[in-house]
Amino acid sequence: MSVPFWSQTVELAKSDLRSELRAGEVLAITIPFGAVALLLIPFAIGTDVPLLRQIGPGMYWAVVLLFGMLVAQRRTASEGQGRRDLIGMLGVDPAAYFTGRTAATAVLIVAFELVLWPVAVALYDARISGWAWTGLLIPLVAIGLALLTTVVGSIAAQSRSGQTLVPLLVAPLAIPLLLAATQVHEALRLGKGILGWLTLMVTMNLVLAVAGVVTARPIQEAQ
Amino acid sequence: MVVPPLIQMRGIGVRMGRTPVLRQLDLSVAAGEVVGIRGSNGSGKTTLLRTIATLIKPSEGTGEVLGAGLDTEDRYLVRPRIGLIGHEAALLEALTLWENTAFVARFAGKTDDDAAAALEVVGLTRARHRAANDCSAGMRRRAEFARILLIEPTLLLFDEAHAGLDSEATALVEHVVKSVQAQDGAALVVSHQEDRTAPFTDRVLQLNDGRLWEAE
């Protein structure tokens, strides 16, 4: 009996999130570390409030990117041979597997972003009006980062040094996301348009989604 | 009417990098047959099972498993009809045994009741809320038996069948193999404990240095 694509996707995302809740690595380890990273930067810069206000969005998105990579790294580590065999032999559609894993990762990154957002607002004295756009940026960045880390994580899982490779590959590829997210805040501060930056993020997400779905089968078979 | 064999391989060779692991291997397994495979460590037993499971593409030769060519896309379609129990337990580690079994049930088109019944058969009902990574090797093996009972494979591939099992669980190996055989399926069973597999195997093959022949 063939299970519909979206049922497979939901089932896989649910099992991934359940695993994460049990292991608690993102919630219990990554989020506190992210908060500490945000806290350290003002100490290094000093109490220059205008400067903190100016760099706040950039620092926030840089921390999201760096710790988003950690989330992906841990998830790559959980991709053992046994799990891959189970998924392969159950006849799971590789595209559904990719979509389910991406969805679960995106949810985790959104949780990370939401918890750190008020921390960043408080520490960097950011103007709430500008940060309101974060409501749109949070899911866009989370989906982009999740797509990117899932594609890269799947490729890296084939290598013995997979976990080390993830940040090395993700960091440069995530630059457009980081740039666009930061520039949206900068454009708002200067009263400029943000459509171009949002288009960049949406385009990147679409390209990554298509690439991920198209390469899902070859990547799975290469493992 | 002639029933085609479930496994038909001719001149199969598999290389891992430059190292040949399987060489010029011929194999035919008919429906209803249970074949034992023996061989020393590193002889290629696991690679053979993974090749039959279509997880490894042969470097040379031709073959069909459940009617699907090993080098065609049809092989993806027959995978759900193949039950592979490998060295590494095919479990979602942080999930409980119940969640693992229910997960398999959903992909196999079975209900939660079926999953509960499978856990009952393999004696894991009381331990169903334990996380897979908190279970002993024997319990993890039992959980894999539950998976096999749920997917009802036409072809069972069993690596190191008796590893980590107590005497009670050893009887489950035979139960699982016979449940596949009873539905006109076939099984390949790798075990270092031939005295335990002898009662239910029809013939034994010897694998040495990547070459396969009928054992005496």
# chains A, B, ... in the order shown; residues from 1 in each chain; ligands from 1
>>> residues_around(residues="Ser59 of chain B", least_positions_apart="3", cutoff="7 Å", atoms="only C-alpha atoms", output="PyMOL selection string")
chain B and resi 13-15
>>> residues_around(residues="Gly185 of chain B", least_positions_apart="3", cutoff="8 Å", atoms="only C-alpha atoms", output="VMD selection string")
chain B and resid 31 to 33 153 to 156 180 to 182
>>> residues_around(residues="Leu55 of chain B", least_positions_apart="3", cutoff="8 Å", atoms="only C-alpha atoms", output="list of chain:residue names")
A:Gly88, A:Glu221, B:Arg50, B:Thr51, B:Ile52
>>> write_last_selection(atoms="C-alpha atoms", output="PDB file, in the first residue's frame")
ATOM      1  CA  GLY A  88      15.051   3.242   2.327  1.00  0.00           C
ATOM      2  CA  GLU A 221      21.026   6.212  -3.351  1.00  0.00           C
TER       3      GLU A 221
ATOM      4  CA  ARG B  50      22.643  -5.331   0.978  1.00  0.00           C
ATOM      5  CA  THR B  51      23.061  -5.947  -2.748  1.00  0.00           C
ATOM      6  CA  ILE B  52      20.026  -8.231  -2.770  1.00  0.00           C
TER       7      ILE B  52
END
>>> closest_residue(among="A:Ile87, A:Val202, A:Ile41, A:Leu65", to="chain B", atoms="only C-alpha atoms")
A:Ile87
>>> residues_around(residues="segment 172-174 of chain B", least_positions_apart="4", cutoff="9 Å", atoms="only C-alpha atoms", output="PDB file with N, CA and C atoms, in the first residue's frame")
ATOM      1  N   VAL B 121       3.695 -10.233  19.982  1.00  0.00           N
ATOM      2  CA  VAL B 121       4.295 -11.483  19.481  1.00  0.00           C
ATOM      3  C   VAL B 121       5.776 -11.562  19.846  1.00  0.00           C
ATOM      4  N   VAL B 122       6.473 -10.423  19.740  1.00  0.00           N
ATOM      5  CA  VAL B 122       7.920 -10.461  19.999  1.00  0.00           C
ATOM      6  C   VAL B 122       8.249 -10.211  21.474  1.00  0.00           C
ATOM      7  N   ARG B 142      14.443  -7.772  18.792  1.00  0.00           N
ATOM      8  CA  ARG B 142      13.019  -8.123  18.856  1.00  0.00           C
ATOM      9  C   ARG B 142      12.169  -7.051  18.190  1.00  0.00           C
ATOM     10  N   PHE B 145      12.158  -7.628  14.685  1.00  0.00           N
ATOM     11  CA  PHE B 145      11.250  -8.734  14.315  1.00  0.00           C
ATOM     12  C   PHE B 145       9.825  -8.195  14.170  1.00  0.00           C
ATOM     13  N   ALA B 161      21.781 -13.625  12.313  1.00  0.00           N
ATOM     14  CA  ALA B 161      20.430 -13.851  12.826  1.00  0.00           C
ATOM     15  C   ALA B 161      20.362 -14.047  14.340  1.00  0.00           C
ATOM     16  N   HIS B 162      21.342 -14.675  14.913  1.00  0.00           N
ATOM     17  CA  HIS B 162      21.222 -15.010  16.334  1.00  0.00           C
ATOM     18  C   HIS B 162      22.067 -14.128  17.249  1.00  0.00           C
ATOM     19  N   GLU B 168      14.936 -17.769  24.218  1.00  0.00           N
ATOM     20  CA  GLU B 168      13.537 -17.484  23.884  1.00  0.00           C
ATOM     21  C   GLU B 168      13.444 -16.698  22.579  1.00  0.00           C
ATOM     22  N   LYS B 178       9.670 -18.509   9.266  1.00  0.00           N
ATOM     23  CA  LYS B 178       8.577 -19.373   8.799  1.00  0.00           C
ATOM     24  C   LYS B 178       7.350 -18.560   8.386  1.00  0.00           C
ATOM     25  N   SER B 179       7.145 -17.410   9.027  1.00  0.00           N
ATOM     26  CA  SER B 179       5.993 -16.581   8.642  1.00  0.00           C
ATOM     27  C   SER B 179       6.175 -16.044   7.223  1.00  0.00           C
ATOM     28  N   THR B 197      20.413 -22.600  12.897  1.00  0.00           N
ATOM     29  CA  THR B 197      19.705 -22.337  11.636  1.00  0.00           C
ATOM     30  C   THR B 197      19.393 -23.627  10.875  1.00  0.00           C
ATOM     31  N   PRO B 199      17.819 -26.350  11.487  1.00  0.00           N
ATOM     32  CA  PRO B 199      16.469 -26.934  11.460  1.00  0.00           C
ATOM     33  C   PRO B 199      15.528 -26.284  10.442  1.00  0.00           C
ATOM     34  N   PHE B 200      15.781 -25.079  10.041  1.00  0.00           N
ATOM     35  CA  PHE B 200      14.807 -24.441   9.133  1.00  0.00           C
ATOM     36  C   PHE B 200      15.405 -23.967   7.808  1.00  0.00           C
TER      37      PHE B 200
END
>>> select_by_dssp(residues="segment 21-192 of chain B", states="alpha helix (DSSP H)", output="PyMOL selection string")
chain B and resi 45-52+74-78+97-107+112-121+137-151+167-181
>>> residues_around(residues="segment 131-147 of chain A", least_positions_apart="3", cutoff="8 Å", atoms="only C-alpha atoms", output="ChimeraX atom specification")
/A:65,68,72,102-103,105-107,109-110,113-114,126-128,150-151,174,177,181,185,201-202,204-205,208-209,212
>>> write_last_selection(atoms="N, CA and C atoms", output="tab-separated table (two decimals), in the first residue's frame")
chain	number	residue	atom	x	y	z
A	65	LEU	N	22.12	32.16	12.21
A	65	LEU	CA	22.81	31.38	11.18
A	65	LEU	C	23.79	30.39	11.80
A	68	GLY	N	21.93	27.84	13.82
A	68	GLY	CA	21.16	27.01	12.88
A	68	GLY	C	22.04	25.93	12.29
A	72	ALA	N	21.75	21.76	12.39
A	72	ALA	CA	21.92	20.86	11.24
A	72	ALA	C	23.02	19.84	11.50
A	102	THR	N	13.12	18.80	6.35
A	102	THR	CA	13.24	20.26	6.24
A	102	THR	C	12.20	20.94	7.12
A	103	ALA	N	10.98	20.42	7.07
A	103	ALA	CA	9.89	21.02	7.87
A	103	ALA	C	10.24	20.95	9.36
A	105	THR	N	13.22	20.71	10.73
A	105	THR	CA	14.34	21.61	11.01
A	105	THR	C	13.84	23.06	11.05
A	106	ALA	N	12.95	23.41	10.13
A	106	ALA	CA	12.43	24.78	10.09
A	106	ALA	C	11.68	25.10	11.38
A	107	VAL	N	10.90	24.14	11.87
A	107	VAL	CA	10.17	24.37	13.13
A	107	VAL	C	11.17	24.61	14.28
A	109	ILE	N	14.24	25.75	14.04
A	109	ILE	CA	14.92	27.04	13.87
A	109	ILE	C	13.97	28.19	14.21
A	110	VAL	N	12.69	28.05	13.86
A	110	VAL	CA	11.71	29.08	14.24
A	110	VAL	C	11.65	29.19	15.76
A	113	GLU	N	14.64	31.04	16.86
A	113	GLU	CA	14.53	32.46	16.52
A	113	GLU	C	13.58	33.19	17.48
A	114	LEU	N	12.44	32.54	17.76
A	114	LEU	CA	11.43	33.20	18.60
A	114	LEU	C	11.91	33.41	20.02
A	126	ALA	N	16.73	47.49	20.49
A	126	ALA	CA	16.25	47.65	19.11
A	126	ALA	C	14.87	48.28	19.10
A	127	ARG	N	14.60	49.03	18.04
A	127	ARG	CA	13.30	49.68	17.93
A	127	ARG	C	12.28	48.65	17.43
A	128	ILE	N	11.24	48.50	18.22
A	128	ILE	CA	10.27	47.45	17.96
A	128	ILE	C	9.63	47.60	16.57
A	150	THR	N	19.45	20.91	5.25
A	150	THR	CA	19.01	19.54	4.94
A	150	THR	C	19.71	19.02	3.68
A	151	VAL	N	19.81	19.88	2.67
A	151	VAL	CA	20.52	19.47	1.44
A	151	VAL	C	21.98	19.16	1.78
A	174	ALA	N	24.91	30.31	2.98
A	174	ALA	CA	23.85	31.02	3.70
A	174	ALA	C	24.04	32.53	3.68
A	177	LEU	N	21.12	34.67	2.58
A	177	LEU	CA	20.05	34.73	3.59
A	177	LEU	C	20.39	35.75	4.67
A	181	ALA	N	18.36	39.22	5.24
A	181	ALA	CA	17.67	39.46	6.51
A	181	ALA	C	18.18	40.73	7.16
A	185	HIS	N	16.31	45.01	7.65
A	185	HIS	CA	16.30	45.91	8.82
A	185	HIS	C	16.98	47.24	8.50
A	201	MET	N	15.35	36.43	-0.88
A	201	MET	CA	15.16	35.32	0.07
A	201	MET	C	14.17	34.29	-0.49
A	202	VAL	N	13.07	34.78	-1.03
A	202	VAL	CA	12.05	33.85	-1.55
A	202	VAL	C	12.62	33.05	-2.73
A	204	MET	N	15.77	32.36	-3.32
A	204	MET	CA	16.75	31.39	-2.81
A	204	MET	C	16.05	30.18	-2.22
A	205	ASN	N	14.98	30.44	-1.47
A	205	ASN	CA	14.23	29.33	-0.87
A	205	ASN	C	13.62	28.42	-1.94
A	208	LEU	N	16.39	26.36	-3.58
A	208	LEU	CA	16.84	25.29	-2.68
A	208	LEU	C	15.80	24.17	-2.57
A	209	ALA	N	14.52	24.57	-2.55
A	209	ALA	CA	13.45	23.56	-2.44
A	209	ALA	C	13.45	22.67	-3.68
A	212	GLY	N	16.56	20.49	-3.67
A	212	GLY	CA	16.45	19.44	-2.66
A	212	GLY	C	15.57	18.30	-3.11
>>> closest_residue(among="A:Ala44, A:Val210, A:Val36, A:Ala96", to="Trp6 of chain A", atoms="only C-alpha atoms")
A:Ala96
>>> closest_atom_pairs(of="chain B", to="chain A", cutoff="6 Å", atoms="only C-alpha atoms", output="tab-separated table")
residue	atom	partner	partner_atom	distance
B:Arg79	CA	A:Met89	CA	5.1
B:Pro80	CA	A:Leu90	CA	4.9
B:Glu88	CA	A:Gly82	CA	5.1
B:Ala89	CA	A:Gly82	CA	5.2
B:Ala90	CA	A:Gly82	CA	4.0
B:Leu91	CA	A:Arg83	CA	5.9
B:Ala94	CA	A:Ser19	CA	5.0
B:Leu95	CA	A:Ser19	CA	5.9
B:Gly109	CA	A:Met1	CA	5.7
>>> closest_residue(among="B:Ala117, B:Leu157, B:Asn100, B:Ala108", to="Thr54 of chain B", atoms="only C-alpha atoms")
B:Leu157
>>> residues_around(residues="Met59 of chain A", least_positions_apart="6", cutoff="12 Å", atoms="only C-alpha atoms", output="list in words")
Gly34, Ala35, Ala37, Leu38, Leu39, Leu40, Ile41, Pro42, Ile45, Leu51, Leu52, Arg53, Leu65, Leu66, Leu116, Trp117, Val119, Ala120, Val121, Leu123, Tyr124, Ala126, Leu178, Leu179, Ala181, Thr182 and His185 of chain A
>>> residues_around(residues="Leu212 of chain B", least_positions_apart="4", cutoff="10 Å", atoms="only C-alpha atoms", output="PyMOL selection string")
chain B and resi 22-27+37-39+43-45+48+205-208
